[in-house]
>>> print(open('start_21.pdb').read())   # PDB, C-alpha atoms
ATOM      1  CA  MET V   1      31.027  58.480  23.436
ATOM      2  CA  ASN V   2      28.888  56.757  26.002
ATOM      3  CA  LYS V   3      29.295  52.992  26.396
ATOM      4  CA  TYR V   4      26.253  51.364  27.895
ATOM      5  CA  LYS V   5      24.740  48.011  28.685
ATOM      6  CA  HIS V   6      21.064  47.535  28.074
ATOM      7  CA  GLU V   7      19.214  44.625  29.654
ATOM      8  CA  SER V   8      15.857  43.535  28.258
ATOM      9  CA  THR V   9      12.796  44.006  30.424
ATOM     10  CA  SER V  10      10.411  42.353  28.004
ATOM     11  CA  SER V  11       7.901  39.781  29.196
ATOM     12  CA  GLU V  12      10.311  36.967  28.458
ATOM     13  CA  LEU V  13      12.597  37.155  31.488
ATOM     14  CA  ILE V  14      13.809  33.576  31.570
ATOM     15  CA  GLY V  15      17.448  33.640  32.605
ATOM     16  CA  ALA V  16      17.414  37.339  33.469
ATOM     17  CA  SER V  17      19.217  38.516  36.586
ATOM     18  CA  LYS V  18      17.306  39.313  39.779
ATOM     19  CA  SER V  19      18.005  43.019  39.327
ATOM     20  CA  VAL V  20      16.414  42.987  35.852
ATOM     21  CA  LYS V  21      13.355  41.077  37.088
ATOM     22  CA  ILE V  22      12.861  43.503  39.988
ATOM     23  CA  ALA V  23      13.270  46.501  37.669
ATOM     24  CA  HIS V  24      10.702  44.969  35.313
ATOM     25  CA  LEU V  25       8.165  44.572  38.118
ATOM     26  CA  LEU V  26       8.706  48.100  39.433
ATOM     27  CA  GLU V  27       8.540  49.496  35.894
ATOM     28  CA  ASN V  28       5.127  47.873  35.438
ATOM     29  CA  GLU V  29       3.928  49.477  38.676
ATOM     30  CA  ILE V  30       5.129  52.882  37.489
ATOM     31  CA  ARG V  31       3.713  52.638  33.967
ATOM     32  CA  SER V  32       0.385  51.298  35.193
ATOM     33  CA  GLY V  33      -0.064  54.279  37.501
ATOM     34  CA  VAL V  34       0.252  52.361  40.767
ATOM     35  CA  LEU V  35       3.175  54.689  41.444
ATOM     36  CA  GLY V  36       2.412  58.152  40.051
ATOM     37  CA  LYS V  37       4.755  60.946  39.071
ATOM     38  CA  GLY V  38       6.507  62.356  42.143
ATOM     39  CA  ALA V  39       5.640  59.355  44.298
ATOM     40  CA  PRO V  40       8.459  58.022  46.461
ATOM     41  CA  LEU V  41       9.656  54.475  45.924
ATOM     42  CA  ALA V  42      10.000  52.239  48.948
ATOM     43  CA  SER V  43      13.350  52.592  50.691
ATOM     44  CA  GLU V  44      16.245  50.330  49.767
ATOM     45  CA  ASN V  45      15.760  48.465  53.051
ATOM     46  CA  ALA V  46      12.085  47.916  52.279
ATOM     47  CA  LEU V  47      12.873  46.675  48.757
ATOM     48  CA  VAL V  48      15.536  44.332  50.130
ATOM     49  CA  LYS V  49      12.927  42.799  52.443
ATOM     50  CA  ARG V  50      10.192  42.762  49.793
ATOM     51  CA  PHE V  51      12.244  40.870  47.221
ATOM     52  CA  SER V  52      14.571  38.981  49.602
ATOM     53  CA  VAL V  53      17.693  40.134  47.767
ATOM     54  CA  SER V  54      20.866  42.002  48.597
ATOM     55  CA  ARG V  55      21.131  45.785  48.744
ATOM     56  CA  ASN V  56      23.481  45.676  45.749
ATOM     57  CA  THR V  57      20.800  43.899  43.677
ATOM     58  CA  VAL V  58      18.230  46.539  44.627
ATOM     59  CA  ARG V  59      20.622  49.334  43.678
ATOM     60  CA  LYS V  60      21.227  47.765  40.254
ATOM     61  CA  SER V  61      17.452  47.623  39.729
ATOM     62  CA  LEU V  62      17.138  51.305  40.616
ATOM     63  CA  GLU V  63      19.950  52.142  38.214
ATOM     64  CA  ILE V  64      18.026  50.412  35.400
ATOM     65  CA  LEU V  65      14.890  52.423  36.200
ATOM     66  CA  SER V  66      16.898  55.640  36.392
ATOM     67  CA  SER V  67      18.558  54.965  33.016
ATOM     68  CA  ARG V  68      15.093  54.752  31.473
ATOM     69  CA  GLY V  69      13.971  58.082  32.861
ATOM     70  CA  LEU V  70      11.443  56.467  35.202
ATOM     71  CA  ILE V  71      12.903  57.534  38.550
ATOM     72  CA  THR V  72      15.415  59.922  40.046
ATOM     73  CA  THR V  73      17.445  59.148  43.154
ATOM     74  CA  LYS V  74      18.506  61.780  45.680
ATOM     75  CA  SER V  75      21.372  60.742  47.934
ATOM     76  CA  GLY V  76      20.216  60.467  51.525
ATOM     77  CA  ILE V  77      16.580  61.094  50.595
ATOM     78  CA  GLY V  78      15.425  58.271  48.328
ATOM     79  CA  SER V  79      14.059  57.559  44.854
ATOM     80  CA  PHE V  80      11.076  59.269  43.242
ATOM     81  CA  VAL V  81       9.026  58.545  40.124
ATOM     82  CA  THR V  82       9.719  60.951  37.244
ATOM     83  CA  PHE V  83       7.592  59.160  34.627
ATOM     84  CA  GLY V  84       4.453  61.193  33.978
ATOM     85  CA  GLY V  85       2.454  58.868  31.763
ATOM     86  CA  LYS V  86       4.139  59.417  28.400
ATOM     87  CA  THR V  87       7.490  58.500  26.898
ATOM     88  CA  ILE V  88       8.947  59.402  23.545
ATOM     89  CA  ASP V  89      11.470  56.570  23.327
ATOM     90  CA  ASP V  90      12.210  54.626  26.468
ATOM     91  CA  ARG V  91      14.964  52.639  24.765
ATOM     92  CA  SER V  92      17.003  55.631  23.660
ATOM     93  CA  GLY V  93      19.657  55.344  26.366
ATOM     94  CA  TRP V  94      20.256  58.545  28.245
ATOM     95  CA  SER V  95      18.278  60.778  25.915
ATOM     96  CA  VAL V  96      15.091  61.473  27.835
ATOM     97  CA  ALA V  97      11.970  63.553  27.288
ATOM     98  CA  LEU V  98      12.021  66.621  29.503
ATOM     99  CA  SER V  99       8.377  67.506  28.985
ATOM    100  CA  SER V 100       5.870  67.244  31.813
ATOM    101  CA  GLY V 101       3.995  64.579  29.865
ATOM    102  CA  GLU V 102       1.367  67.057  28.707
ATOM    103  CA  THR V 103       2.553  67.108  25.093
ATOM    104  CA  GLU V 104       0.405  64.791  22.972
ATOM    105  CA  LEU V 105       2.515  63.111  20.329
ATOM    106  CA  GLY V 106       1.834  61.157  17.171
ATOM    107  CA  THR V 107       4.143  58.951  15.109
ATOM    108  CA  ARG V 108       4.385  58.647  11.349
ATOM    109  CA  VAL V 109       6.498  56.123   9.414
ATOM    110  CA  LEU V 110       8.161  57.953   6.537
ATOM    111  CA  GLN V 111      10.106  55.044   5.067
ATOM    112  CA  LEU V 112      10.055  51.260   5.364
ATOM    113  CA  SER V 113      12.302  49.629   2.797
ATOM    114  CA  ARG V 114      15.394  47.529   2.143
ATOM    115  CA  GLY V 115      18.583  49.121   0.917
ATOM    116  CA  ALA V 116      22.154  50.211   1.488
ATOM    117  CA  MET V 117      23.443  52.419   4.296
ATOM    118  CA  ASP V 118      22.606  55.993   3.333
ATOM    119  CA  ILE V 119      23.270  57.918   6.559
ATOM    120  CA  PRO V 120      26.311  60.187   6.159
ATOM    121  CA  GLY V 121      28.986  59.581   8.782
ATOM    122  CA  ALA V 122      27.851  56.057   9.703
ATOM    123  CA  PRO V 123      30.664  53.630  10.618
ATOM    124  CA  ASP V 124      32.164  51.831   7.630
ATOM    125  CA  ASN V 125      32.057  48.301   9.038
ATOM    126  CA  LEU V 126      28.293  47.841   9.422
ATOM    127  CA  GLY V 127      27.651  45.921   6.222
ATOM    128  CA  SER V 128      25.813  46.818   3.026
ATOM    129  CA  ASP V 129      22.234  45.564   3.398
ATOM    130  CA  PHE V 130      19.710  47.090   5.816
ATOM    131  CA  LEU V 131      16.065  47.429   6.743
ATOM    132  CA  SER V 132      15.516  51.181   6.595
ATOM    133  CA  VAL V 133      12.932  52.686   8.941
ATOM    134  CA  ASP V 134      12.434  56.453   9.113
ATOM    135  CA  ARG V 135       9.989  57.776  11.725
ATOM    136  CA  LEU V 136       8.691  61.210  12.621
ATOM    137  CA  ARG V 137       7.244  62.013  16.049
ATOM    138  CA  PHE V 138       5.184  65.179  16.096
ATOM    139  CA  ARG V 139       2.922  67.292  18.287
ATOM    140  CA  LEU V 140      -0.661  66.337  17.537
ATOM    141  CA  GLN V 141      -1.902  69.845  18.235
ATOM    142  CA  THR V 142       0.428  71.638  15.832
ATOM    143  CA  GLY V 143       1.928  68.935  13.612
ATOM    144  CA  GLU V 144       5.426  70.175  14.470
ATOM    145  CA  GLY V 145       8.026  67.389  14.488
ATOM    146  CA  VAL V 146       9.927  66.749  17.719
ATOM    147  CA  SER V 147      12.115  63.870  16.529
ATOM    148  CA  LEU V 148      13.208  62.534  13.174
ATOM    149  CA  GLU V 149      14.733  59.071  13.492
ATOM    150  CA  ARG V 150      16.520  57.222  10.727
ATOM    151  CA  SER V 151      17.085  53.583  11.726
ATOM    152  CA  ARG V 152      19.124  51.102   9.729
ATOM    153  CA  ILE V 153      18.795  47.493  10.906
ATOM    154  CA  ALA V 154      21.357  44.981   9.640
ATOM    155  CA  TRP V 155      19.454  42.709   7.267
ATOM    156  CA  ARG V 156      18.841  39.118   8.370
ATOM    157  CA  ASP V 157      16.318  36.347   7.806
ATOM    158  CA  GLY V 158      12.804  37.275   8.887
ATOM    159  CA  LEU V 159      13.000  40.992   8.210
ATOM    160  CA  SER V 160      11.317  40.662   4.821
ATOM    161  CA  GLU V 161       8.066  40.056   6.738
ATOM    162  CA  VAL V 162       8.339  43.571   8.162
ATOM    163  CA  LEU V 163       8.193  45.031   4.659
ATOM    164  CA  ASP V 164       4.889  43.235   4.076
ATOM    165  CA  GLU V 165       3.298  43.567   7.523
ATOM    166  CA  GLY V 166       4.723  46.853   8.840
ATOM    167  CA  LEU V 167       5.900  47.515  12.380
ATOM    168  CA  LYS V 168       4.384  45.441  15.162
ATOM    169  CA  LYS V 169       1.973  47.663  17.116
ATOM    170  CA  GLY V 170       3.652  50.586  15.354
ATOM    171  CA  SER V 171       6.831  50.020  17.375
ATOM    172  CA  LEU V 172      10.255  49.258  15.952
ATOM    173  CA  THR V 173      11.430  48.011  19.356
ATOM    174  CA  GLU V 174       8.557  45.516  19.543
ATOM    175  CA  THR V 175       9.196  44.466  15.952
ATOM    176  CA  LEU V 176      12.855  43.714  16.625
ATOM    177  CA  ARG V 177      12.023  41.819  19.802
ATOM    178  CA  SER V 178       9.535  39.684  17.897
ATOM    179  CA  LYS V 179      12.413  38.706  15.611
ATOM    180  CA  GLY V 180      14.585  37.757  18.591
ATOM    181  CA  LEU V 181      16.724  40.880  18.313
ATOM    182  CA  VAL V 182      17.403  42.046  21.867
ATOM    183  CA  VAL V 183      19.960  44.754  22.577
ATOM    184  CA  ALA V 184      22.811  43.688  24.866
ATOM    185  CA  SER V 185      25.300  46.522  24.398
ATOM    186  CA  GLY V 186      26.082  49.529  22.271
ATOM    187  CA  ASP V 187      27.448  53.035  21.880
ATOM    188  CA  GLU V 188      25.801  56.455  21.831
ATOM    189  CA  TRP V 189      27.132  59.771  20.637
ATOM    190  CA  ALA V 190      25.491  63.155  21.171
ATOM    191  CA  SER V 191      26.159  66.485  19.521
ATOM    192  CA  VAL V 192      24.554  69.794  18.666
ATOM    193  CA  LEU V 193      23.166  70.245  15.166
ATOM    194  CA  PRO V 194      23.758  73.986  14.585
ATOM    195  CA  ALA V 195      21.189  74.331  11.809
ATOM    196  CA  LEU V 196      18.345  72.110  10.621
ATOM    197  CA  SER V 197      18.643  71.428   6.886
ATOM    198  CA  ASP V 198      15.985  72.550   4.413
ATOM    199  CA  GLU V 199      15.061  68.932   3.664
ATOM    200  CA  ASP V 200      14.665  67.888   7.302
ATOM    201  CA  ALA V 201      12.901  71.126   8.183
ATOM    202  CA  GLN V 202      10.298  70.339   5.537
ATOM    203  CA  LEU V 203       9.848  66.795   6.875
ATOM    204  CA  MET V 204       9.495  68.030  10.452
ATOM    205  CA  GLY V 205       7.342  71.070   9.733
ATOM    206  CA  ARG V 206       9.934  73.327  11.335
ATOM    207  CA  LYS V 207      12.038  76.294  10.249
ATOM    208  CA  ALA V 208      15.273  75.624   8.400
ATOM    209  CA  GLY V 209      18.313  76.746  10.359
ATOM    210  CA  GLU V 210      16.896  75.880  13.804
ATOM    211  CA  PRO V 211      19.477  74.412  16.214
ATOM    212  CA  MET V 212      18.645  70.828  17.220
ATOM    213  CA  LEU V 213      20.158  67.953  19.148
ATOM    214  CA  ARG V 214      21.703  65.042  17.251
ATOM    215  CA  LEU V 215      21.913  61.537  18.698
ATOM    216  CA  ARG V 216      23.589  58.576  17.034
ATOM    217  CA  ARG V 217      23.297  55.072  18.465
ATOM    218  CA  LEU V 218      24.804  51.715  17.513
ATOM    219  CA  THR V 219      23.395  48.612  19.206
ATOM    220  CA  ARG V 220      24.619  44.998  19.333
ATOM    221  CA  ALA V 221      23.189  41.627  20.294
ATOM    222  CA  ALA V 222      24.682  39.344  22.947
ATOM    223  CA  ASP V 223      26.918  37.718  20.293
ATOM    224  CA  ASP V 224      28.207  41.212  19.379
ATOM    225  CA  ALA V 225      26.399  41.176  16.015
ATOM    226  CA  ILE V 226      25.202  44.603  14.861
ATOM    227  CA  ILE V 227      21.462  45.141  15.344
ATOM    228  CA  GLU V 228      20.789  48.785  14.521
ATOM    229  CA  TYR V 229      22.391  52.075  13.684
ATOM    230  CA  VAL V 230      20.088  55.048  14.212
ATOM    231  CA  GLU V 231      20.501  58.782  13.843
ATOM    232  CA  SER V 232      17.961  61.023  15.568
ATOM    233  CA  THR V 233      17.355  64.742  15.200
ATOM    234  CA  LEU V 234      15.704  65.925  18.418
ATOM    235  CA  ASP V 235      13.809  68.972  19.645
ATOM    236  CA  PRO V 236      16.028  70.447  22.419
ATOM    237  CA  VAL V 237      12.914  71.613  24.273
ATOM    238  CA  LEU V 238      11.783  68.022  24.844
ATOM    239  CA  PHE V 239      15.091  66.191  24.974
ATOM    240  CA  GLY V 240      18.209  66.599  27.049
ATOM    241  CA  LEU V 241      21.303  64.905  28.376
ATOM    242  CA  HIS V 242      21.308  63.515  31.910
ATOM    243  CA  MET V 243      24.519  62.147  33.403
ATOM    244  CA  GLU V 244      25.391  61.296  37.003
ATOM    245  CA  PHE V 245      28.918  61.430  38.413
TER     246      PHE V 245
END
>>> encode(input="start_21.pdb", output="structure tokens")
Amino acid sequence: MNKYKHESTSSELIGASKSVKIAHLLENEIRSGVLGKGAPLASENALVKRFSVSRNTVRKSLEILSSRGLITTKSGIGSFVTFGGKTIDDRSGWSVALSSGETELGTRVLQLSRGAMDIPGAPDNLGSDFLSVDRLRFRLQTGEGVSLERSRIAWRDGLSEVLDEGLKKGSLTETLRSKGLVVASGDEWASVLPALSDEDAQLMGRKAGEPMLRLRRLTRAADDAIIEYVESTLDPVLFGLHMEF
């Protein structure tokens, strides 16, 4: 189990810490192409001077960027941009896309409904009423699925609008943010799925029996209320586990 803290880097940064604000600014520079893949970030000393903050604040900002798969830091050398222009899910904790960014992906919503928890093995204390969102990400060139995500969002006022209007900009993350649901903490579990089931293989356009990665994530708001439980089946070619010790 991996316990993590996730700080929002959305446009509404009122009250956010300096490290979050700095990470947000640097993230924008990376995603906009100002800092390309492989480009070195300014040194810690330079960032300290640029933002007039402590070295510890700068290091926390770099940790946020690293956790999102945007940079890698080499001890004694510096930090370098690893983002190549595409992400599969930049809010998926430590599960990161390992592709070079050359794989063109599409997204298809398979289910958008209200109902009970129907994911086997989900914790028992999550409640009984959920917004169910199933999404498939696939290679545009071949149609082969690279991730199958089953999200169950604890039902609350305002979610009925999602059933009528769909996901905001096609993004579940943006939809939840628009409802004031910002992740503050959570848990992630990773495992190997020895064999893809017949049902999921058909949904993903893959062969039944293929080994896959399995990620489960439970997220909470600042008041510790449950936001989302999601189970993802991931292509091991594109996804991997990165941990630093």
>>> closest_residue(input="start_21.pdb", among="V:Lys207, V:His24, V:Lys18, V:Arg150", to="Thr57 (chain V)", atoms="only C-alpha atoms")
V:Lys18
>>> resolve_selection(input="start_21.pdb", expression="the PyMOL selection byres ((chain V and resi 152) around 6)", output="MDAnalysis selection string")
chainID V and resid 130:132 151 153 228:229
>>> residues_near_point(input="start_21.pdb", point="(4.8, 53.5, 17.0)", cutoff="6 Å", atoms="all atoms listed in the file", output="MDAnalysis selection string")
chainID V and resid 107 170:171
>>> residues_around(input="start_21.pdb", residues="Ser147 (chain V)", least_positions_apart="2", cutoff="8 Å", atoms="all atoms listed in the file", output="PyMOL selection string")
chain V and resi 136-138+145+149+204+232-235
>>> resolve_selection(input="start_21.pdb", expression="the PyMOL selection byres ((chain V and resi 111) around 7)", output="count of residues only")
7
>>> atom_distance(input="start_21.pdb", atom1="CA of Asp118 (chain V)", atom2="CA of Val237 (chain V)")
27.9 Å
>>> closest_residue(input="start_21.pdb", among="V:Leu47, V:Val162, V:Val182, V:Leu105", to="Arg220 (chain V)", atoms="all atoms listed in the file")
V:Val182
>>> resolve_selection(input="start_21.pdb", expression="the PyMOL selection byres ((chain V and resi 38) around 12)", output="NGL selection string")
:V and (30 or 33-37 or 39-41 or 70-73 or 78-85 or 100)
>>> atom_distance(input="start_21.pdb", atom1="CA of Gly127 (chain V)", atom2="CA of Leu181 (chain V)")
17.1 Å
>>> closest_residue(input="start_21.pdb", among="V:Leu159, V:Val58, V:Ala42, V:Ile119", to="Glu231 (chain V)", atoms="all atoms listed in the file")
V:Ile119
>>> residues_around(input="start_21.pdb", residues="Ala201 (chain V)", least_positions_apart="5", cutoff="10 Å", atoms="only C-alpha atoms", output="list of chain:residue names")
V:Glu144, V:Gly145, V:Leu148, V:Ala195, V:Leu196, V:Arg206, V:Lys207, V:Ala208, V:Gly209, V:Glu210
>>> closest_residue(input="start_21.pdb", among="V:Leu126, V:Ser191, V:Glu29, V:Lys21", to="Leu215 (chain V)", atoms="all atoms listed in the file")
V:Ser191
>>> atom_distance(input="start_21.pdb", atom1="CA of Gln141 (chain V)", atom2="CA of Leu203 (chain V)")
16.6 Å
>>> closest_residue(input="start_21.pdb", among="V:Val146, V:Glu199, V:Gly166, V:Ser19", to="Leu213 (chain V)", atoms="only C-alpha atoms")
V:Val146
>>> closest_residue(input="start_21.pdb", among="V:Gly186, V:Pro123, V:Gly69, V:Gly158", to="Phe239 (chain V)", atoms="all atoms listed in the file")
V:Gly69
>>> residues_around(input="start_21.pdb", residues="Glu161 (chain V)", least_positions_apart="6", cutoff="12 Å", atoms="all atoms listed in the file", output="ChimeraX atom specification")
/V:112-114,131,155,167-168,175-176,178-179
>>> build_atoms(input="start_21.pdb", residues="region 212-223 of chain V", atoms="all heavy atoms", output="mmCIF file, in the coordinates of the input")
data_model
loop_
_atom_site.group_PDB
_atom_site.id
_atom_site.type_symbol
_atom_site.label_atom_id
_atom_site.label_comp_id
_atom_site.auth_asym_id
_atom_site.auth_seq_id
_atom_site.Cartn_x
_atom_site.Cartn_y
_atom_site.Cartn_z
ATOM 1 N N MET V 212 19.282 72.049 16.724
ATOM 2 C CA MET V 212 18.645 70.828 17.220
ATOM 3 C C MET V 212 19.702 69.988 17.943
ATOM 4 O O MET V 212 20.900 70.280 17.902
ATOM 5 C CB MET V 212 18.041 70.025 16.074
ATOM 6 C CG MET V 212 17.038 70.787 15.215
ATOM 7 S SD MET V 212 15.465 71.103 16.038
ATOM 8 C CE MET V 212 14.694 69.489 15.866
ATOM 9 N N LEU V 213 19.251 68.939 18.591
ATOM 10 C CA LEU V 213 20.158 67.953 19.148
ATOM 11 C C LEU V 213 20.290 66.803 18.159
ATOM 12 O O LEU V 213 19.353 66.480 17.436
ATOM 13 C CB LEU V 213 19.635 67.413 20.486
ATOM 14 C CG LEU V 213 19.523 68.409 21.633
ATOM 15 C CD1 LEU V 213 18.951 67.722 22.869
ATOM 16 C CD2 LEU V 213 20.877 69.015 21.956
ATOM 17 N N ARG V 214 21.462 66.173 18.144
ATOM 18 C CA ARG V 214 21.703 65.042 17.251
ATOM 19 C C ARG V 214 22.197 63.867 18.091
ATOM 20 O O ARG V 214 23.161 63.984 18.854
ATOM 21 C CB ARG V 214 22.744 65.426 16.199
ATOM 22 C CG ARG V 214 23.227 64.302 15.300
ATOM 23 C CD ARG V 214 22.147 63.691 14.441
ATOM 24 N NE ARG V 214 21.392 64.648 13.645
ATOM 25 C CZ ARG V 214 21.808 65.136 12.469
ATOM 26 N NH1 ARG V 214 22.970 64.796 11.978
ATOM 27 N NH2 ARG V 214 21.041 65.977 11.815
ATOM 28 N N LEU V 215 21.520 62.754 17.981
ATOM 29 C CA LEU V 215 21.913 61.537 18.698
ATOM 30 C C LEU V 215 22.165 60.434 17.701
ATOM 31 O O LEU V 215 21.352 60.196 16.805
ATOM 32 C CB LEU V 215 20.798 61.106 19.668
ATOM 33 C CG LEU V 215 21.022 59.778 20.401
ATOM 34 C CD1 LEU V 215 22.132 59.933 21.430
ATOM 35 C CD2 LEU V 215 19.741 59.311 21.078
ATOM 36 N N ARG V 216 23.290 59.750 17.852
ATOM 37 C CA ARG V 216 23.589 58.576 17.034
ATOM 38 C C ARG V 216 23.776 57.389 17.974
ATOM 39 O O ARG V 216 24.396 57.521 19.017
ATOM 40 C CB ARG V 216 24.847 58.789 16.196
ATOM 41 C CG ARG V 216 24.706 59.861 15.120
ATOM 42 C CD ARG V 216 25.985 59.991 14.327
ATOM 43 N NE ARG V 216 27.081 60.459 15.169
ATOM 44 C CZ ARG V 216 28.341 60.023 15.079
ATOM 45 N NH1 ARG V 216 28.652 59.088 14.207
ATOM 46 N NH2 ARG V 216 29.268 60.504 15.865
ATOM 47 N N ARG V 217 23.232 56.251 17.600
ATOM 48 C CA ARG V 217 23.297 55.072 18.465
ATOM 49 C C ARG V 217 23.570 53.832 17.636
ATOM 50 O O ARG V 217 22.968 53.629 16.576
ATOM 51 C CB ARG V 217 21.991 54.910 19.237
ATOM 52 C CG ARG V 217 22.005 53.763 20.230
ATOM 53 C CD ARG V 217 20.784 53.804 21.143
ATOM 54 N NE ARG V 217 19.570 53.352 20.480
ATOM 55 C CZ ARG V 217 18.579 54.142 20.105
ATOM 56 N NH1 ARG V 217 18.656 55.441 20.304
ATOM 57 N NH2 ARG V 217 17.502 53.655 19.525
ATOM 58 N N LEU V 218 24.483 52.993 18.139
ATOM 59 C CA LEU V 218 24.804 51.715 17.513
ATOM 60 C C LEU V 218 24.570 50.627 18.548
ATOM 61 O O LEU V 218 25.156 50.670 19.631
ATOM 62 C CB LEU V 218 26.261 51.706 17.041
ATOM 63 C CG LEU V 218 26.782 50.406 16.424
ATOM 64 C CD1 LEU V 218 26.048 50.099 15.128
ATOM 65 C CD2 LEU V 218 28.285 50.505 16.188
ATOM 66 N N THR V 219 23.712 49.660 18.235
ATOM 67 C CA THR V 219 23.395 48.612 19.206
ATOM 68 C C THR V 219 23.832 47.245 18.691
ATOM 69 O O THR V 219 23.869 46.988 17.482
ATOM 70 C CB THR V 219 21.895 48.571 19.527
ATOM 71 O OG1 THR V 219 21.148 48.360 18.328
ATOM 72 C CG2 THR V 219 21.452 49.879 20.174
ATOM 73 N N ARG V 220 24.134 46.348 19.650
ATOM 74 C CA ARG V 220 24.619 44.998 19.333
ATOM 75 C C ARG V 220 23.859 43.962 20.137
ATOM 76 O O ARG V 220 23.375 44.239 21.236
ATOM 77 C CB ARG V 220 26.115 44.880 19.641
ATOM 78 C CG ARG V 220 26.995 45.928 18.979
ATOM 79 C CD ARG V 220 28.449 45.748 19.378
ATOM 80 N NE ARG V 220 29.306 46.790 18.837
ATOM 81 C CZ ARG V 220 29.517 47.961 19.410
ATOM 82 N NH1 ARG V 220 28.948 48.214 20.591
ATOM 83 N NH2 ARG V 220 30.305 48.855 18.873
ATOM 84 N N ALA V 221 23.795 42.753 19.597
ATOM 85 C CA ALA V 221 23.189 41.627 20.294
ATOM 86 C C ALA V 221 24.215 41.014 21.243
ATOM 87 O O ALA V 221 25.372 41.444 21.302
ATOM 88 C CB ALA V 221 22.704 40.591 19.282
ATOM 89 N N ALA V 222 23.796 39.988 21.982
ATOM 90 C CA ALA V 222 24.682 39.344 22.947
ATOM 91 C C ALA V 222 25.903 38.722 22.280
ATOM 92 O O ALA V 222 26.973 38.622 22.898
ATOM 93 C CB ALA V 222 23.913 38.286 23.733
ATOM 94 N N ASP V 223 25.775 38.297 21.010
ATOM 95 C CA ASP V 223 26.918 37.718 20.293
ATOM 96 C C ASP V 223 27.750 38.780 19.597
ATOM 97 O O ASP V 223 28.613 38.464 18.781
ATOM 98 C CB ASP V 223 26.439 36.678 19.284
ATOM 99 C CG ASP V 223 25.535 37.275 18.202
ATOM 100 O OD1 ASP V 223 25.269 38.493 18.247
ATOM 101 O OD2 ASP V 223 25.093 36.508 17.317
#
